[in-house]
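Dropping query.cif in here (mmCIF, C-alpha atoms):
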```
data_run
#
loop_
_atom_site.label_atom_id
_atom_site.label_comp_id
_atom_site.auth_asym_id
_atom_site.auth_seq_id
_atom_site.Cartn_x
_atom_site.Cartn_y
_atom_site.Cartn_z
CA MET S 1 -0.28 -24.27 -24.83
CA LYS S 2 0.94 -20.70 -25.22
CA ASP S 3 -1.39 -18.00 -26.49
CA ALA S 4 0.69 -17.02 -29.50
CA THR S 5 4.21 -16.52 -30.72
CA PHE S 6 5.43 -13.51 -28.79
CA SER S 7 8.07 -10.99 -29.81
CA ARG S 8 9.94 -9.61 -26.81
CA ARG S 9 11.35 -6.80 -28.96
CA LYS S 10 7.81 -5.85 -30.01
CA PHE S 11 6.70 -5.81 -26.38
CA LEU S 12 9.61 -3.62 -25.25
CA THR S 13 9.07 -1.21 -28.15
CA ALA S 14 5.40 -0.85 -27.26
CA SER S 15 6.35 -0.41 -23.61
CA SER S 16 8.72 2.47 -24.38
CA ALA S 17 6.21 4.22 -26.62
CA SER S 18 3.40 3.94 -24.10
CA ALA S 19 5.60 5.23 -21.28
CA LEU S 20 6.15 8.44 -23.24
CA ALA S 21 2.43 8.81 -23.84
CA PHE S 22 1.37 8.17 -20.21
CA THR S 23 0.40 11.57 -18.79
CA ILE S 24 -1.25 12.08 -15.41
CA LEU S 25 -3.29 15.23 -14.86
CA PRO S 26 -3.61 16.60 -11.32
CA ARG S 27 -7.02 16.63 -9.71
CA HIS S 28 -7.47 20.39 -9.88
CA VAL S 29 -7.04 20.19 -13.67
CA ILE S 30 -9.58 17.42 -14.22
CA GLY S 31 -11.92 18.87 -11.60
CA GLN S 32 -12.53 15.83 -9.42
CA THR S 33 -11.27 14.10 -6.33
CA ALA S 34 -11.16 10.47 -5.28
CA ASP S 35 -14.26 11.10 -3.16
CA THR S 36 -16.38 12.74 -5.88
CA LEU S 37 -16.12 10.28 -8.77
CA PRO S 38 -19.13 9.83 -11.03
CA PRO S 39 -20.31 6.22 -10.63
CA SER S 40 -20.38 5.92 -14.43
CA GLU S 41 -16.57 6.06 -14.58
CA LYS S 42 -15.11 2.57 -14.66
CA LEU S 43 -11.59 1.34 -14.04
CA ASN S 44 -10.83 -1.48 -16.47
CA ILE S 45 -8.66 -4.00 -14.61
CA ALA S 46 -6.81 -7.15 -15.68
CA GLY S 47 -6.10 -9.85 -13.10
CA ILE S 48 -2.68 -11.49 -13.52
CA GLY S 49 -2.11 -14.55 -11.35
CA ILE S 50 -5.65 -15.38 -10.29
CA GLY S 51 -5.37 -18.88 -8.80
CA GLY S 52 -5.22 -18.02 -5.10
CA GLN S 53 -4.85 -14.66 -3.37
CA GLY S 54 -4.91 -12.86 -6.70
CA GLY S 55 -8.26 -14.41 -7.51
CA GLY S 56 -9.67 -13.27 -4.19
CA VAL S 57 -8.47 -9.70 -4.67
CA THR S 58 -9.80 -9.64 -8.23
CA LYS S 59 -13.18 -10.81 -6.95
CA ALA S 60 -13.22 -8.16 -4.21
CA MET S 61 -12.31 -5.44 -6.70
CA SER S 62 -15.00 -6.61 -9.13
CA GLU S 63 -17.66 -5.91 -6.51
CA LEU S 64 -16.77 -2.21 -6.36
CA PRO S 65 -19.10 0.03 -8.38
CA ASN S 66 -16.33 1.71 -10.42
CA VAL S 67 -14.59 -1.49 -11.57
CA ASN S 68 -14.78 -3.68 -14.64
CA ILE S 69 -12.66 -6.83 -14.86
CA GLY S 70 -11.61 -6.70 -18.50
CA ALA S 71 -9.14 -9.58 -18.86
CA LEU S 72 -7.59 -12.44 -16.89
CA CYS S 73 -4.26 -14.22 -16.94
CA ASP S 74 -2.70 -17.23 -15.28
CA VAL S 75 0.02 -19.64 -16.35
CA ASP S 76 -2.24 -22.52 -15.28
CA ARG S 77 -5.31 -22.98 -17.49
CA ARG S 78 -6.87 -25.02 -14.72
CA HIS S 79 -8.31 -21.73 -13.50
CA GLU S 80 -9.81 -20.75 -16.86
CA PRO S 81 -13.25 -22.40 -16.51
CA ARG S 82 -13.84 -20.85 -13.10
CA MET S 83 -12.74 -17.40 -14.29
CA LYS S 84 -14.91 -17.57 -17.41
CA ASN S 85 -17.85 -18.54 -15.23
CA ASP S 86 -17.22 -15.63 -12.84
CA TYR S 87 -16.42 -13.13 -15.61
CA PRO S 88 -18.29 -14.21 -18.75
CA GLY S 89 -16.88 -13.01 -22.05
CA ARG S 90 -13.55 -11.86 -20.65
CA PRO S 91 -10.44 -13.05 -22.51
CA PHE S 92 -8.13 -15.42 -20.67
CA TYR S 93 -4.35 -15.47 -21.27
CA THR S 94 -1.49 -17.58 -19.97
CA ASP S 95 1.23 -15.01 -20.81
CA TYR S 96 0.89 -11.59 -19.19
CA ARG S 97 3.02 -10.02 -21.94
CA ILE S 98 0.47 -10.97 -24.57
CA LEU S 99 -2.33 -9.63 -22.40
CA LEU S 100 -0.55 -6.29 -22.01
CA GLU S 101 0.17 -6.14 -25.72
CA LYS S 102 -3.36 -6.98 -26.89
CA GLU S 103 -5.63 -5.48 -24.23
CA LYS S 104 -5.11 -1.79 -24.99
CA GLY S 105 -8.15 -0.78 -22.98
CA VAL S 106 -6.81 -2.11 -19.68
CA ASP S 107 -6.19 0.75 -17.24
CA ALA S 108 -4.71 -1.22 -14.35
CA VAL S 109 -3.53 -4.65 -13.28
CA ILE S 110 -3.84 -6.77 -10.16
CA ILE S 111 -0.77 -8.99 -9.71
CA GLY S 112 -1.28 -12.07 -7.55
CA THR S 113 1.60 -14.22 -8.79
CA PRO S 114 4.35 -15.72 -6.60
CA ASP S 115 6.84 -13.18 -5.24
CA HIS S 116 9.55 -13.73 -7.86
CA TRP S 117 7.25 -12.39 -10.60
CA HIS S 118 6.01 -9.27 -8.80
CA ALA S 119 8.68 -6.83 -9.93
CA PRO S 120 9.00 -7.83 -13.61
CA ILE S 121 5.25 -7.70 -14.22
CA SER S 122 4.74 -4.51 -12.19
CA VAL S 123 7.50 -2.62 -13.99
CA ALA S 124 6.34 -3.81 -17.43
CA ALA S 125 2.78 -2.69 -16.65
CA MET S 126 3.84 0.71 -15.34
CA ARG S 127 6.04 1.30 -18.39
CA LEU S 128 2.94 0.65 -20.51
CA GLY S 129 0.96 3.26 -18.60
CA LYS S 130 -0.97 0.88 -16.33
CA HIS S 131 -1.73 1.38 -12.67
CA VAL S 132 -0.61 -1.48 -10.43
CA TYR S 133 -1.97 -3.33 -7.41
CA VAL S 134 0.54 -6.03 -6.41
CA GLU S 135 0.25 -8.57 -3.65
CA LYS S 136 2.67 -8.56 -0.75
CA PRO S 137 5.56 -8.57 -0.48
CA MET S 138 5.73 -6.25 -3.46
CA ALA S 139 9.21 -7.52 -4.39
CA HIS S 140 11.44 -10.56 -4.09
CA THR S 141 14.61 -8.56 -3.38
CA ILE S 142 15.64 -5.24 -1.88
CA GLU S 143 16.78 -3.79 -5.21
CA GLU S 144 13.51 -4.76 -6.88
CA ALA S 145 11.45 -2.88 -4.30
CA ILE S 146 13.44 0.31 -4.73
CA HIS S 147 13.39 0.01 -8.53
CA MET S 148 9.62 -0.41 -8.50
CA GLY S 149 9.29 2.71 -6.38
CA LYS S 150 11.41 4.71 -8.83
CA VAL S 151 9.44 3.53 -11.85
CA ALA S 152 6.15 4.39 -10.13
CA GLU S 153 7.45 7.90 -9.46
CA GLN S 154 8.68 8.30 -13.04
CA THR S 155 5.46 7.09 -14.68
CA LYS S 156 3.07 8.61 -12.12
CA ALA S 157 1.31 5.25 -11.93
CA VAL S 158 -1.13 4.75 -9.06
CA THR S 159 0.20 1.82 -7.08
CA GLN S 160 -0.74 -0.20 -4.02
CA MET S 161 0.79 -3.15 -2.20
CA GLY S 162 -1.66 -5.71 -0.84
CA GLN S 163 -1.27 -4.87 2.84
CA GLY S 164 -4.95 -4.54 3.58
CA GLY S 165 -4.52 -3.38 7.17
CA HIS S 166 -2.90 -0.17 5.94
CA GLY S 167 -6.37 1.00 4.98
CA GLY S 168 -7.87 0.06 8.33
CA GLU S 169 -8.74 1.82 11.55
CA GLY S 170 -6.24 -0.08 13.71
CA ILE S 171 -3.06 1.27 12.15
CA ARG S 172 -4.34 4.84 12.38
CA LEU S 173 -5.37 4.51 16.00
CA THR S 174 -1.98 3.01 16.85
CA LYS S 175 -0.12 5.96 15.37
CA GLU S 176 -2.46 8.49 16.97
CA TRP S 177 -2.01 6.89 20.40
CA ILE S 178 1.78 6.76 20.06
CA ASP S 179 1.86 10.36 18.82
CA ALA S 180 -0.27 11.33 21.85
CA ASP S 181 2.39 9.81 24.15
CA ALA S 182 0.02 7.13 25.43
CA ILE S 183 2.92 4.81 26.37
CA GLY S 184 5.83 7.25 26.34
CA ALA S 185 8.89 6.87 24.13
CA VAL S 186 8.88 3.53 22.28
CA LYS S 187 12.07 1.53 22.81
CA GLU S 188 11.17 -2.00 21.74
CA ILE S 189 8.77 -3.71 19.31
CA HIS S 190 7.88 -7.38 18.91
CA VAL S 191 6.10 -8.79 15.84
CA TRP S 192 5.12 -12.43 15.30
CA SER S 193 3.17 -14.85 13.13
CA ASP S 194 2.01 -18.47 13.13
CA ARG S 195 3.49 -18.94 9.60
CA PRO S 196 4.73 -21.16 8.07
CA GLY S 197 3.47 -23.94 10.39
CA LYS S 198 0.27 -25.45 9.01
CA TRP S 199 0.23 -23.02 6.07
CA TRP S 200 3.02 -24.51 3.94
CA PRO S 201 5.45 -27.37 4.71
CA THR S 202 8.46 -26.46 2.57
CA GLN S 203 10.58 -24.37 4.93
CA GLY S 204 13.61 -26.18 6.32
CA ARG S 205 13.65 -28.66 3.43
CA ARG S 206 16.02 -29.31 0.52
CA ARG S 207 14.87 -28.95 -3.04
CA PRO S 208 13.09 -32.06 -4.42
CA ALA S 209 15.52 -34.44 -6.11
CA GLU S 210 12.95 -36.23 -8.25
CA THR S 211 11.11 -34.94 -11.31
CA GLN S 212 7.34 -35.22 -11.70
CA PRO S 213 5.21 -34.91 -14.85
CA ILE S 214 4.18 -31.32 -15.59
CA PRO S 215 0.38 -30.92 -15.48
CA ASP S 216 -1.12 -30.46 -18.95
CA THR S 217 -2.68 -27.15 -17.92
CA LEU S 218 0.54 -25.55 -16.61
CA ASP S 219 3.16 -23.53 -18.50
CA TRP S 220 5.95 -24.52 -16.11
CA ASP S 221 8.69 -22.55 -17.90
CA LEU S 222 6.67 -19.35 -17.68
CA TRP S 223 5.71 -20.05 -14.04
CA GLN S 224 9.44 -20.13 -13.21
CA GLY S 225 10.09 -17.05 -15.32
CA PRO S 226 13.03 -15.07 -13.91
CA ALA S 227 13.96 -17.81 -11.41
CA PRO S 228 16.47 -20.57 -12.19
CA SER S 229 15.05 -23.36 -14.32
CA ARG S 230 14.21 -26.44 -12.22
CA PRO S 231 12.47 -29.75 -12.97
CA TYR S 232 8.80 -29.63 -12.08
CA HIS S 233 7.63 -30.90 -8.70
CA ALA S 234 4.35 -30.45 -6.83
CA ASP S 235 6.30 -29.15 -3.81
CA TYR S 236 6.65 -25.83 -5.62
CA LEU S 237 3.00 -24.92 -6.10
CA PRO S 238 0.44 -23.87 -5.23
CA SER S 239 1.33 -21.77 -2.13
CA ARG S 240 4.27 -24.01 -1.18
CA TRP S 241 6.50 -21.73 -3.25
CA ARG S 242 6.61 -19.30 -0.31
CA GLY S 243 9.17 -21.44 1.49
CA TRP S 244 11.68 -21.69 -1.39
CA PHE S 245 14.36 -19.03 -1.86
CA ASP S 246 13.88 -19.12 -5.65
CA TYR S 247 10.26 -17.99 -5.49
CA GLY S 248 9.24 -16.58 -2.11
CA CYS S 249 10.30 -14.61 0.95
CA GLY S 250 9.22 -17.12 3.59
CA ALA S 251 6.99 -16.37 6.55
CA LEU S 252 8.66 -12.99 6.90
CA GLY S 253 7.57 -11.96 3.40
CA ASP S 254 4.09 -13.36 3.82
CA MET S 255 3.07 -11.93 7.20
CA MET S 256 5.59 -9.38 8.44
CA VAL S 257 4.30 -7.03 5.74
CA HIS S 258 0.94 -7.07 7.54
CA ASN S 259 1.87 -7.37 11.18
CA ALA S 260 4.84 -4.98 11.29
CA ASP S 261 3.22 -2.24 9.21
CA PRO S 262 2.13 -0.22 12.28
CA ALA S 263 5.78 0.00 13.40
CA TRP S 264 7.16 1.52 10.20
CA TYR S 265 4.07 3.70 9.81
CA ALA S 266 3.86 5.06 13.35
CA LEU S 267 7.57 5.54 13.99
CA ASP S 268 8.97 6.25 10.50
CA LEU S 269 11.63 3.60 11.11
CA GLY S 270 13.36 3.84 7.74
CA TYR S 271 16.38 1.57 7.26
CA PRO S 272 18.06 -0.33 10.11
CA GLU S 273 21.62 0.19 11.31
CA TRP S 274 22.03 -3.55 11.51
CA VAL S 275 20.05 -6.80 11.40
CA GLU S 276 20.83 -10.23 12.83
CA ALA S 277 18.95 -13.54 13.00
CA GLU S 278 18.66 -16.68 15.07
CA THR S 279 17.21 -19.58 13.08
CA SER S 280 16.65 -23.31 12.97
CA GLU S 281 18.99 -25.37 10.82
CA LYS S 282 19.80 -23.70 7.49
CA ASN S 283 20.01 -25.12 3.98
CA PRO S 284 20.72 -23.51 0.58
CA ASP S 285 17.22 -24.06 -0.84
CA SER S 286 14.55 -22.93 1.60
CA PHE S 287 13.89 -20.62 4.52
CA PRO S 288 14.43 -22.16 7.97
CA GLU S 289 11.54 -23.70 9.87
CA TRP S 290 11.68 -20.81 12.32
CA CYS S 291 13.41 -17.44 12.64
CA ILE S 292 13.90 -14.74 15.24
CA VAL S 293 15.21 -11.64 13.46
CA THR S 294 16.31 -8.39 15.12
CA TRP S 295 16.41 -4.97 13.42
CA GLN S 296 18.18 -2.08 15.20
CA PHE S 297 17.08 1.42 14.18
CA ALA S 298 18.97 4.59 15.04
CA ALA S 299 17.35 7.63 16.64
CA LYS S 300 15.44 9.72 14.11
CA GLY S 301 13.77 13.08 14.53
CA ASP S 302 12.09 13.27 17.93
CA ARG S 303 12.29 9.55 18.71
CA GLY S 304 15.15 7.59 20.16
CA PRO S 305 16.65 4.29 18.95
CA VAL S 306 14.27 1.35 18.51
CA THR S 307 14.83 -2.42 18.54
CA LEU S 308 12.36 -4.55 16.56
CA LYS S 309 12.16 -8.36 16.74
CA TRP S 310 10.32 -10.70 14.36
CA TRP S 311 9.26 -14.20 15.48
CA ASP S 312 7.88 -16.97 13.25
CA GLY S 313 7.57 -20.74 12.87
CA GLY S 314 6.12 -21.33 16.33
CA LYS S 315 8.43 -18.93 18.16
CA ILE S 316 6.58 -16.21 20.06
CA PRO S 317 7.87 -13.27 22.07
CA PRO S 318 7.58 -12.94 25.82
CA PRO S 319 4.37 -11.15 26.82
CA PRO S 320 4.51 -7.36 27.01
CA PRO S 321 5.15 -5.79 30.42
CA GLY S 322 1.95 -5.71 32.48
CA PHE S 323 0.22 -8.40 30.39
CA GLU S 324 -2.19 -10.26 32.66
CA PRO S 325 -1.17 -13.89 33.37
CA ASP S 326 -4.57 -15.27 32.36
CA ARG S 327 -4.26 -13.88 28.83
CA ASN S 328 -2.46 -15.31 25.79
CA LEU S 329 -1.02 -13.64 22.72
CA ASP S 330 -2.91 -14.25 19.48
CA ASP S 331 -1.36 -16.22 16.61
CA ASN S 332 -0.41 -12.97 14.84
CA GLY S 333 0.30 -9.54 16.23
CA ILE S 334 2.60 -6.73 17.26
CA TYR S 335 3.27 -4.89 20.49
CA PHE S 336 5.14 -1.69 21.31
CA VAL S 337 6.96 -1.24 24.63
CA GLY S 338 7.22 2.33 25.83
CA GLU S 339 8.47 4.04 28.97
CA LYS S 340 4.97 4.14 30.50
CA GLY S 341 3.32 0.97 29.17
CA ALA S 342 2.65 -1.07 26.05
CA ILE S 343 0.33 -1.11 23.04
CA LEU S 344 -0.79 -4.52 21.78
CA CYS S 345 -2.35 -4.87 18.31
CA GLY S 346 -3.95 -7.79 16.53
CA GLY S 347 -2.50 -9.21 13.34
CA TRP S 348 -2.96 -7.54 9.96
CA SER S 349 -2.55 -4.12 11.67
CA GLY S 350 -5.51 -4.80 13.93
CA ALA S 351 -7.09 -2.77 16.69
CA PRO S 352 -4.76 -1.54 19.48
CA ARG S 353 -5.18 -1.98 23.24
CA LEU S 354 -3.10 -0.53 26.03
CA VAL S 355 -1.40 -2.98 28.38
CA PRO S 356 -2.24 -3.56 31.19
CA GLU S 357 -6.02 -3.43 30.84
CA SER S 358 -6.24 -1.09 33.85
CA MET S 359 -4.30 1.44 31.75
CA MET S 360 -6.77 0.95 28.89
CA ALA S 361 -9.74 1.48 31.19
CA SER S 362 -8.51 4.91 32.28
CA PHE S 363 -7.19 5.95 28.87
CA LYS S 364 -8.59 9.14 27.38
CA ARG S 365 -8.46 8.59 23.66
CA PRO S 366 -6.92 11.40 21.62
CA GLU S 367 -8.72 13.05 18.74
CA LYS S 368 -8.60 11.28 15.40
CA THR S 369 -6.23 13.37 13.32
CA ILE S 370 -5.35 11.01 10.45
CA PRO S 371 -7.75 10.89 7.48
CA ARG S 372 -9.62 7.58 7.29
CA SER S 373 -9.63 5.30 4.26
CA PRO S 374 -12.73 4.23 2.33
CA GLY S 375 -11.15 0.76 2.30
CA HIS S 376 -7.84 -0.56 1.00
CA HIS S 377 -9.17 -1.72 -2.38
CA LYS S 378 -11.59 1.15 -2.91
CA GLU S 379 -8.87 3.63 -2.00
CA TRP S 380 -6.68 2.35 -4.84
CA VAL S 381 -9.53 2.21 -7.36
CA ASN S 382 -10.61 5.77 -6.54
CA ALA S 383 -7.02 6.99 -6.77
CA CYS S 384 -6.61 5.31 -10.18
CA ILE S 385 -9.76 6.92 -11.57
CA ALA S 386 -8.80 10.31 -10.14
CA LYS S 387 -5.19 9.80 -11.34
CA CYS S 388 -3.85 10.72 -7.90
CA PRO S 389 -0.97 8.42 -6.81
CA GLU S 390 -0.76 10.10 -3.41
CA ASP S 391 -4.31 9.00 -2.55
CA ALA S 392 -3.24 5.34 -2.47
CA LYS S 393 -1.67 5.26 0.99
CA ALA S 394 0.05 1.88 0.56
CA GLY S 395 1.44 3.03 -2.77
CA PHE S 396 5.04 2.39 -3.68
CA ALA S 397 6.17 5.75 -2.27
CA TYR S 398 5.48 4.18 1.15
CA SER S 399 5.61 0.43 0.53
CA ALA S 400 8.85 0.30 -1.50
CA PRO S 401 11.16 1.63 1.24
CA TYR S 402 9.15 -0.30 3.85
CA THR S 403 9.51 -3.57 1.93
CA ALA S 404 13.21 -2.95 1.25
CA SER S 405 13.90 -2.31 4.94
CA MET S 406 11.96 -5.43 5.92
CA LEU S 407 13.79 -7.58 3.35
CA VAL S 408 17.15 -6.62 4.85
CA GLY S 409 16.10 -9.21 7.43
CA VAL S 410 16.43 -11.95 4.80
CA LEU S 411 20.19 -11.35 4.59
CA PRO S 412 21.15 -12.63 8.08
CA ILE S 413 18.60 -15.44 7.75
CA ARG S 414 20.52 -16.71 4.74
CA LEU S 415 24.06 -15.59 5.54
CA GLY S 416 24.23 -15.60 9.34
CA GLY S 417 26.01 -13.03 11.49
CA ARG S 418 25.12 -9.37 11.97
CA ILE S 419 24.52 -7.39 8.77
CA ALA S 420 25.53 -3.72 8.99
CA TRP S 421 23.29 -1.92 6.51
CA ASP S 422 23.87 1.14 4.30
CA GLY S 423 20.40 2.19 3.21
CA GLU S 424 21.56 4.99 0.94
CA LYS S 425 23.76 2.68 -1.15
CA LEU S 426 21.64 -0.48 -0.63
CA ARG S 427 24.56 -2.59 0.49
CA ALA S 428 25.69 -4.69 3.41
CA LYS S 429 28.75 -2.84 4.67
CA ASN S 430 30.35 -5.92 6.22
CA ALA S 431 29.09 -8.69 3.91
CA PRO S 432 30.07 -8.44 0.22
CA ASN S 433 28.56 -11.90 -0.31
CA ALA S 434 25.14 -10.33 0.25
CA GLU S 435 25.24 -8.66 -3.18
CA ALA S 436 23.78 -11.71 -4.93
CA LEU S 437 20.78 -11.56 -2.57
CA ILE S 438 20.28 -7.80 -2.80
CA ARG S 439 20.60 -7.72 -6.62
CA LYS S 440 19.74 -11.13 -7.98
CA GLU S 441 20.53 -12.58 -11.39
CA TYR S 442 17.57 -13.16 -13.71
CA ARG S 443 17.14 -16.03 -16.12
CA LYS S 444 17.82 -15.01 -19.72
CA GLY S 445 14.69 -13.77 -21.43
CA PHE S 446 13.01 -12.83 -18.14
CA GLU S 447 15.15 -9.89 -17.02
CA LEU S 448 13.74 -7.07 -14.89
CA PRO S 449 12.66 -4.22 -17.22
CA ALA S 450 14.62 -0.98 -16.82
#
```
Show me this structure written as structure tokens.
Amino acid sequence: MKDATFSRRKFLTASSASALAFTILPRHVIGQTADTLPPSEKLNIAGIGIGGQGGGVTKAMSELPNVNIGALCDVDRRHEPRMKNDYPGRPFYTDYRILLEKEKGVDAVIIGTPDHWHAPISVAAMRLGKHVYVEKPMAHTIEEAIHMGKVAEQTKAVTQMGQGGHGGEGIRLTKEWIDADAIGAVKEIHVWSDRPGKWWPTQGRRRPAETQPIPDTLDWDLWQGPAPSRPYHADYLPSRWRGWFDYGCGALGDMMVHNADPAWYALDLGYPEWVEAETSEKNPDSFPEWCIVTWQFAAKGDRGPVTLKWWDGGKIPPPPPGFEPDRNLDDNGIYFVGEKGAILCGGWSGAPRLVPESMMASFKRPEKTIPRSPGHHKEWVNACIAKCPEDAKAGFAYSAPYTASMLVGVLPIRLGGRIAWDGEKLRAKNAPNAEALIRKEYRKGFELPA
């Protein structure tokens, strides 16, 4: 059942009006910083897509002292009893547009939907003057990521992508060690994950041919939203959507955002010159069972060219030079190879170690020069209350170009060959057939807001 008859024209009109009224005052005007917020000030947040990861993030946010969860939304009412138990008295919606229209007191939204919904909901919320926390990857396509970044800049919304390690100690130490020349000039980077594997079984498979009954609790048409309309099947949700081109970005979109973050952060990689991929057997419906994707980055500033490789689906890189033979790589991680040694980090931008261990034992750690975060979630909440977009370090100013550069890797996975990339024009210089993947077509009635 839908919440009410909804007028798209009414929603867009309200969106335009609110965008004009959304004014952000700098900290020196309002006389506070993200670190000196009165505990009485509350950020009123709505959770949109709260069945899985989104529900976990909403719960974590609710435990912060400056947060009130004011409303909840999910296209599957199966989650309603649990949410009403956890957040008594809060309204529950199945259509985010109705929530945004009715809940005028909502300051910010947490978006935990499948990937194909991230951009439309984020842009609609920002145009209505809401701050946005969106799960990773922040976008389904390259163009979406860049568009989201532009809208965030225009509206001055405080944004954050759900790459929790970006608020951690590990990513800062990694950059400080590289900046201190701990391993010399970095030439090569390897990033890997155990996904999809046991996490979801849909990669490497064709779309289901049979139709199954739609659960009574689920608004299947709204779940599909901007994606092509398909008959319902349980192989699409929950979580299995990650493997399908229509809805997700595969293992790369799920875990490269976390594990490769130290590379883009420490070395300011920007866009690649080219990307190519080796994969298992391809099909037109889902990501391959495994991929090995290579990004080649040109020299930039003081650093030379860098080659980065991503491994998933059970493929793992060779161990870094000097890695002791009695040690094994973890299921997720990243390592940097420099002229003098290597840095190995755990997954989710975890703690770094020099390789070999003898190098670590004699290493004199440099001073900590990068400001530390109060925590990924708290950082965003504080920045929202202080109205300071720059205080959210995984905000779209950083995460939009990072996500776009990462998603260039999807093009050779799907198309094959080497993709020569023009980052300024967002186009594959040697593959005009990539346009439909860079700038996708949306189902009528679910277009990406301007």
**OP:** Starting from the shown file, work through the PyMOL selection byres ((chain S and resi 137) around 7) and note down what comes out as a ChimeraX atom specification.
**Re:** /S:115,135-136,138-139,253-254,257,403
**OP:** Dig up all the protein and nucleic acid residues within 9 Å of (6.9, -0.8, -1.2) in the file frame, using all atoms listed in the file, and format them as a list of chain:residue names.
**Re:**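 Output: S:Lys136, S:Pro137, S:Met138, S:Ala139, S:Ala145, S:Ile146, S:Met148, S:Gly149, S:Gln160, S:Met161, S:Ala394, S:Gly395, S:Phe396, S:Ala397, S:Tyr398, S:Ser399, S:Ala400, S:Pro401, S:Tyr402, S:Thr403, S:Ala404.
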**OP:** Name the residues that the PyMOL selection byres ((chain S and resi 347) around 9) pulls out of this structure, and write them as a list in words.
**Re:** Gly165, Val191, Trp192, Ser193, Met255, His258, Asn259, Ala260, Asp330, Asp331, Asn332, Gly333, Ile334, Cys345, Gly346, Trp348, Ser349, Gly350 and Ala351 of chain S
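Restricting the calculation to only C-alpha atoms, the smallest distance between Ala108 in chain S and any of S:Arg230, S:Arg303, S:Lys42, S:Arg77 is found for S:Lys42.
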**OP:** Identify which of the residues S:Lys340, S:Arg97, S:His140, S:His118 lies closest to Cys249 in chain S, counting only C-alpha atoms when measuring atom-to-atom distances.
**Re:**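 The answer is S:His140, which sits nearest to Cys249 in chain S.
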Original post:
Where does the PyMOL selection byres ((chain S and resi 377) around 8) land in this file, that is, which residues does it pick, as a list in words?
Top reply: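 For this structure, the PyMOL selection byres ((chain S and resi 377) around 8) resolves to Ala60, Met61, Gly164, Gly375, His376, Lys378, Glu379, Trp380 and Val381 of chain S.
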Original post:
Can you list, as a ChimeraX atom specification, every protein, DNA or RNA residue that comes within 12 Å of Val57 in chain S when you count all atoms listed in the file, leaving out same-chain residues fewer than 4 positions away?
Top reply: /S:45-53,61-64,69,109-113,133-136,161-164,376-378
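Distance annotation: of S:Trp421, S:Lys150, S:Glu41, S:Thr141, the residue with the minimal separation from Arg127 in chain S is S:Lys150; atom set is all atoms listed in the file.
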**OP:** Rank S:Gly70, S:Gly416, S:Gly129, S:Gly445 by their smallest atom-to-atom distance to Glu278 in chain S, using all atoms listed in the file, and report the top residue only.
**Re:**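 Among the listed residues, S:Gly416 lies closest to Glu278 in chain S.
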Original post:
What residues have an atom no more than 10 Å from (9.0, 3.3, 9.6) in the file's own frame, counting all atoms listed in the file, and can you write them as number ranges by chain?
Top reply: S: 260-272, 297, 398, 401-402, 405-406
Original post:
Pick the closest to Thr307 in chain S from S:Gly322, S:Gly338, S:Pro389, S:Gly167: which is it, counting all atoms listed in the file?
Top reply: S:Gly338
Subject >> Atomic distance CA of Ile370 in chain S - CA of Leu252 in chain S, expressed in Å with one decimal >> reply: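 Between CA of Ile370 in chain S and CA of Leu252 in chain S the gap is 28.0 Å.
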Original post:
Which neighbours of Asn433 in chain S fall inside 12 Å, counting all atoms listed in the file, when residues of the same chain fewer than 5 positions from it are skipped, and could you give them as a list in words?
Top reply: Leu411, Pro412, Arg414, Leu415, Gly416, Ile419, Arg427, Ala428, Ile438, Arg439 and Lys440 of chain S
**OP:** Please identify all polymer residues within 6 Å of range 281-289 of chain S, counting all atoms listed in the file, omitting same-chain residues fewer than 4 positions from it, and present them as a ChimeraX atom specification.
**Re:** /S:203-204,206-207,243-245,250,313
**OP:** Tell me which of S:Asp95, S:Thr211, S:Gly170, S:Ala125 sits closest to Val75 in chain S, counting only C-alpha atoms.
**Re:**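 Checking each candidate against Val75 in chain S, we get S:Asp95 as the closest.
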Export range 432-436 of chain S from the structure block above, keeping N, CA, C and O atoms, as a PDB file, in the first residue's frame.
```
ATOM      1  N   PRO S 432      32.948   4.896 -27.684  1.00  0.00           N
ATOM      2  CA  PRO S 432      31.664   5.620 -27.667  1.00  0.00           C
ATOM      3  C   PRO S 432      30.525   4.800 -27.100  1.00  0.00           C
ATOM      4  O   PRO S 432      29.538   5.363 -26.601  1.00  0.00           O
ATOM      5  N   ASN S 433      30.622   3.472 -27.129  1.00  0.00           N
ATOM      6  CA  ASN S 433      29.561   2.632 -26.559  1.00  0.00           C
ATOM      7  C   ASN S 433      29.528   2.678 -25.037  1.00  0.00           C
ATOM      8  O   ASN S 433      28.620   2.129 -24.405  1.00  0.00           O
ATOM      9  N   ALA S 434      30.501   3.366 -24.429  1.00  0.00           N
ATOM     10  CA  ALA S 434      30.496   3.506 -22.971  1.00  0.00           C
ATOM     11  C   ALA S 434      29.522   4.575 -22.495  1.00  0.00           C
ATOM     12  O   ALA S 434      29.206   4.640 -21.299  1.00  0.00           O
ATOM     13  N   GLU S 435      29.015   5.408 -23.400  1.00  0.00           N
ATOM     14  CA  GLU S 435      28.154   6.518 -22.998  1.00  0.00           C
ATOM     15  C   GLU S 435      26.936   6.046 -22.205  1.00  0.00           C
ATOM     16  O   GLU S 435      26.520   6.688 -21.246  1.00  0.00           O
ATOM     17  N   ALA S 436      26.341   4.943 -22.611  1.00  0.00           N
ATOM     18  CA  ALA S 436      25.141   4.445 -21.929  1.00  0.00           C
ATOM     19  C   ALA S 436      25.440   3.976 -20.515  1.00  0.00           C
ATOM     20  O   ALA S 436      24.512   3.853 -19.698  1.00  0.00           O
TER      21      ALA S 436
END
```
